[in-house]
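Each remark here refers to the structure printed beneath this line.
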Amino acid sequence: MKRIAILMCAGALTLGLAAAPATADPGRSSSFGQATLTGFASLPALTFVPGSEPSGSLLGTEPVNGVTPPFAGQPVQGFSGIARRHDGTFDVLSDNGYGNKANSSDFLLRIHRIAPDFRSKTVKVLGGFDLTDPRGLVPFALTRQDRTLTGADFDVESIVRATDGTYWIGDEFGPYLLHFDHKGRLLEAPAALPGVQAPENPDLNGRQPNLASSKGFEGMARAVDGRRLYPLLEGTVSGDPAGTLRMYEFDLRKRAYTDRRWTYRLEDPSHAIGDAIAVDENRFLIIERDNGQGDAAKVKRIYLADKRDQDRDGALDKTLVADLLNLADPRGLGGAPGTFRFPFQTIEDVIILDDRTLGVLDDNNFPFSNGRTAGKPDDNEFITVRLTRGLKADPRVYR
């Protein structure tokens, strides 16, 4: 069996890759078999931004998974989106903080730059920057006078890096699209989604929301030509069939939504999506998960969805490419040799590393989630997964 040794560090991308054995197909329309774990790296849960402000003051003082709030600094946690750079490092997005608008006003929204090293099984945090609105483009009142954005202002869950080096970020409170420069400064007023509003939306003005709390843009893909965004809601809009999620198209040249829209159907209405990334002009990888963790986790999957091929109800065709609870691990990279499970409640990051290799990260919901070890807060884990065959991705995916 041919093996390729690769290492990813600050200046180079390297991953241990091994061909995966074919197994019985667990998906309803999949020709992919069991994927293989090829790399494992971890960032300890108790990692904080050096010299940062205290946080977690609204969590009380009772221990959570053995950790007692408040915290002396800002935790490096909640990786809810990932963007690939061109030097072997990655930008990862912390989400809104501690789970909701009410308890996250002292959590500063931030993009971290990380470098996983799969030889040492560690993740280095190389730096990062807070998200800010120095020009006063947000039209509603912010939590802080200095206009540094917090988890009480936006629930940021998805990120893409544009061809000009700026960032587009999907928010769940509006839902909004947010455009930032390379230093995290807001460049334009938040772009609202016409006709859809979550309960946290500041423009409700007494109207009823038609989207559940924090169920806005959980995933977002950038078109391979760099001209469009494809944000995907995490929740079902009122009136839509249960378990169906809307995917929109946003024209970056016109700064406007187009009239095109697609539907992603969850395997069960209780599931949620975690992330989305374009494979080519028509196909996307989408993480689908249940809400369980540890032994209770049953569904943590990556599907290939095709907008050219829709079922009779108009939903995107889905092909299972990787079951994250059933990864072959013959070398014991994640523990003992055998089967590796990625049993986290929220898995919200997928990136294409090469045509058969994916990078996947968890959102550890610090300090609340304990899917890996009961009573201990989850670390931020970065794994690489080798598929049984290539995706035939557009080469522009890697640029």
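So you can find residues: chains in the structure tokens are A, B, ... in the order shown, residues in each start at 1, and ligands are numbered from 1 in order.
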query = Out of range 71-273 of chain A, which residues get strand (DSSP E or B) from DSSP, as a VMD selection string?
reply = chain A and resid 71 75 79 to 84 90 to 94 108 110 to 117 122 to 130 132 148 150 156 to 161 167 to 171 176 to 180 185 to 186 191 to 192 217 to 222 228 to 233 244 to 251 256 to 265 272 to 273
message = So that I can see what lies close to range 303-317 of chain A, please list as a PyMOL selection string the residues with an atom at most 6 Å from it, counting only C-alpha atoms and leaving out residues fewer than 2 positions away in the same chain.
response = chain A and resi 263-265+282-286+319-321
Could those residues be written to a file, using N, CA and C atoms, as a compact mmCIF listing (two decimals), in the first residue's frame?
# COMPACT_ATOMS: atom_id res chain seq x y z
N THR A 263 -32.27 24.19 -1.71
CA THR A 263 -32.69 23.60 -0.45
C THR A 263 -31.80 22.42 -0.10
N TYR A 264 -31.32 22.43 1.12
CA TYR A 264 -30.60 21.27 1.66
C TYR A 264 -31.51 20.59 2.67
N ARG A 265 -31.74 19.28 2.50
CA ARG A 265 -32.63 18.56 3.40
C ARG A 265 -31.80 17.74 4.39
N ASN A 282 -20.68 23.52 -8.96
CA ASN A 282 -22.00 23.00 -8.63
C ASN A 282 -22.09 22.17 -7.36
N ARG A 283 -20.94 21.75 -6.82
CA ARG A 283 -20.97 20.82 -5.70
C ARG A 283 -20.37 21.46 -4.44
N PHE A 284 -20.89 20.99 -3.29
CA PHE A 284 -20.45 21.51 -2.00
C PHE A 284 -20.26 20.35 -1.03
N LEU A 285 -19.30 20.48 -0.14
CA LEU A 285 -19.23 19.60 1.02
C LEU A 285 -19.96 20.27 2.16
N ILE A 286 -20.82 19.52 2.84
CA ILE A 286 -21.62 20.07 3.93
C ILE A 286 -21.55 19.12 5.12
N THR A 319 -24.53 12.87 -1.21
CA THR A 319 -23.72 11.66 -1.21
C THR A 319 -22.82 11.70 0.02
N LEU A 320 -22.89 10.67 0.83
CA LEU A 320 -22.06 10.60 2.02
C LEU A 320 -20.61 10.31 1.63
N VAL A 321 -19.70 11.19 2.04
CA VAL A 321 -18.28 10.97 1.72
C VAL A 321 -17.47 10.57 2.94
key: Pick from A:Asp164, A:Asn291, A:Glu249, A:Ala115 nearest to Leu177 in chain A, counting only C-alpha atoms   =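 Among the listed residues, the smallest separation from Leu177 in chain A belongs to A:Glu249.
CA of Leu59 in chain A to CA of Leu126 in chain A spans 28.1 Å [interatomic distance, one decimal].
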task = Find the spatial neighbours of Thr244 in chain A, counting only C-alpha atoms, within a cut-off of 12 Å - ignore same-chain residues fewer than 2 positions away - and output them as a list in words.
result =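 The residues that qualify are Leu232, Leu233, Glu234, Gly235, Thr236, Val237, Ser238, Gly239, Asp240, Pro241, Ala242, Arg246, Met247, Trp262, Thr263, Tyr264, Arg265, Leu266, Glu267, Asp268, Pro269, Ser270, His271, Ala272, Ile273, Asp313, Gly314, Ala315 and Leu316 of chain A.
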Give me a file of those residues, with N, CA, C and O atoms, as a short mmCIF file (atom, residue, chain, number, x, y, z; two decimals), in the first residue's frame.
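To be explicit, this is the file written out as out-v7.cif:
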data_model
loop_
_atom_site.label_atom_id
_atom_site.label_comp_id
_atom_site.auth_asym_id
_atom_site.auth_seq_id
_atom_site.Cartn_x
_atom_site.Cartn_y
_atom_site.Cartn_z
N LEU A 232 -25.55 29.36 3.93
CA LEU A 232 -26.52 28.31 4.21
C LEU A 232 -27.04 28.47 5.63
O LEU A 232 -26.27 28.53 6.60
N LEU A 233 -28.36 28.58 5.76
CA LEU A 233 -28.98 28.71 7.08
C LEU A 233 -28.84 27.41 7.87
O LEU A 233 -28.83 26.31 7.30
N GLU A 234 -28.78 27.55 9.20
CA GLU A 234 -28.77 26.37 10.06
C GLU A 234 -30.18 25.93 10.42
O GLU A 234 -30.42 24.77 10.73
N GLY A 235 -31.13 26.86 10.40
CA GLY A 235 -32.50 26.55 10.79
C GLY A 235 -33.47 26.65 9.63
O GLY A 235 -33.18 27.24 8.58
N THR A 236 -34.64 26.07 9.82
CA THR A 236 -35.70 26.09 8.81
C THR A 236 -36.53 27.37 8.95
O THR A 236 -36.97 27.72 10.05
N VAL A 237 -36.74 28.06 7.85
CA VAL A 237 -37.56 29.27 7.85
C VAL A 237 -39.03 28.86 8.05
O VAL A 237 -39.49 27.85 7.49
N SER A 238 -39.75 29.64 8.85
CA SER A 238 -41.16 29.35 9.10
C SER A 238 -41.93 29.19 7.79
O SER A 238 -41.80 30.01 6.88
N GLY A 239 -42.71 28.12 7.71
CA GLY A 239 -43.47 27.84 6.50
C GLY A 239 -42.80 26.87 5.56
O GLY A 239 -43.47 26.28 4.70
N ASP A 240 -41.49 26.69 5.68
CA ASP A 240 -40.78 25.71 4.86
C ASP A 240 -40.97 24.32 5.46
O ASP A 240 -41.22 24.19 6.67
N PRO A 241 -40.82 23.26 4.67
CA PRO A 241 -40.94 21.91 5.21
C PRO A 241 -39.92 21.66 6.32
O PRO A 241 -38.77 22.13 6.24
N ALA A 242 -40.31 20.94 7.35
CA ALA A 242 -39.41 20.65 8.47
C ALA A 242 -38.14 19.98 7.98
O ALA A 242 -38.19 19.08 7.13
N ARG A 246 -32.35 26.62 3.69
CA ARG A 246 -32.14 27.42 2.49
C ARG A 246 -30.67 27.76 2.27
O ARG A 246 -29.99 28.20 3.19
N MET A 247 -30.22 27.58 1.03
CA MET A 247 -28.91 28.06 0.60
C MET A 247 -29.14 29.19 -0.40
O MET A 247 -29.87 29.02 -1.39
N TRP A 262 -31.46 27.40 -3.22
CA TRP A 262 -31.53 25.95 -3.19
C TRP A 262 -31.94 25.48 -1.81
O TRP A 262 -31.96 26.25 -0.85
N THR A 263 -32.27 24.19 -1.71
CA THR A 263 -32.69 23.60 -0.45
C THR A 263 -31.80 22.42 -0.10
O THR A 263 -31.57 21.54 -0.94
N TYR A 264 -31.32 22.43 1.12
CA TYR A 264 -30.60 21.27 1.66
C TYR A 264 -31.51 20.59 2.67
O TYR A 264 -32.01 21.24 3.60
N ARG A 265 -31.74 19.28 2.50
CA ARG A 265 -32.63 18.56 3.40
C ARG A 265 -31.80 17.74 4.39
O ARG A 265 -30.97 16.91 4.00
N LEU A 266 -32.05 17.98 5.68
CA LEU A 266 -31.40 17.21 6.73
C LEU A 266 -31.95 15.79 6.75
O LEU A 266 -33.10 15.55 6.40
N GLU A 267 -31.11 14.85 7.19
CA GLU A 267 -31.58 13.47 7.32
C GLU A 267 -32.67 13.34 8.38
O GLU A 267 -33.51 12.45 8.31
N ASP A 268 -32.65 14.25 9.36
CA ASP A 268 -33.67 14.30 10.39
C ASP A 268 -33.86 15.75 10.78
O ASP A 268 -32.87 16.49 10.89
N PRO A 269 -35.09 16.22 11.00
CA PRO A 269 -35.29 17.64 11.34
C PRO A 269 -34.56 18.08 12.61
O PRO A 269 -34.35 19.28 12.80
N SER A 270 -34.17 17.13 13.46
CA SER A 270 -33.45 17.49 14.69
C SER A 270 -31.97 17.75 14.44
O SER A 270 -31.26 18.22 15.34
N HIS A 271 -31.49 17.44 13.25
CA HIS A 271 -30.08 17.64 12.92
C HIS A 271 -29.80 19.12 12.62
O HIS A 271 -30.71 19.94 12.55
N ALA A 272 -28.52 19.43 12.43
CA ALA A 272 -28.09 20.77 12.04
C ALA A 272 -26.91 20.62 11.09
O ALA A 272 -26.29 19.56 11.00
N ILE A 273 -26.62 21.70 10.37
CA ILE A 273 -25.41 21.70 9.55
C ILE A 273 -24.31 22.42 10.33
O ILE A 273 -24.57 23.20 11.25
N ASP A 313 -38.65 17.09 -4.75
CA ASP A 313 -39.07 18.21 -3.92
C ASP A 313 -38.11 19.40 -4.01
O ASP A 313 -38.27 20.38 -3.29
N GLY A 314 -37.10 19.28 -4.86
CA GLY A 314 -36.19 20.39 -5.08
C GLY A 314 -34.98 20.44 -4.17
O GLY A 314 -34.21 21.39 -4.20
N ALA A 315 -34.78 19.43 -3.33
CA ALA A 315 -33.64 19.42 -2.43
C ALA A 315 -32.40 18.89 -3.14
O ALA A 315 -32.48 18.04 -4.03
N LEU A 316 -31.23 19.40 -2.75
CA LEU A 316 -29.98 18.97 -3.34
C LEU A 316 -29.74 17.49 -3.11
O LEU A 316 -30.00 16.96 -2.03
#
Could you give me, as CSV, a per-residue list for range 173-266 of chain A showing, wherever an atom lies at most 9 Å from an atom of range 79-92 of chain A, the closest pair of atoms and their distance in Å to one decimal, using only C-alpha atoms and sorting by chain then residue number from low to high?
residue,atom,partner,partner_atom,distance
A:Glu218,CA,A:Ser80,CA,8.2
A:Gly219,CA,A:Gly81,CA,7.9
A:Met220,CA,A:Gly81,CA,8.9
Keeping only C-alpha atoms, write the selected residues as a PDB file, in the first residue's frame.
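Result file is again.pdb:
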ATOM      1  CA  GLU A 218     -23.933  28.543   9.975  1.00  0.00           C
ATOM      2  CA  GLY A 219     -22.129  27.597   6.765  1.00  0.00           C
ATOM      3  CA  MET A 220     -20.902  29.613   3.810  1.00  0.00           C
TER       4      MET A 220
END
ask   = Hey, which of A:Pro209, A:Gly56, A:Pro44, A:Gly174 ends up closest to Leu193 in chain A? Count only C-alpha atoms.
value =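 Answer, going by the shortest atom-to-atom distance: A:Gly174.
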task = Find the spatial neighbours of Thr143 in chain A, counting only C-alpha atoms, within a cut-off of 7 Å - ignore same-chain residues fewer than 2 positions away - and output them as an MDAnalysis selection string.
result = chainID A and resid 105 141 145 150 152:153
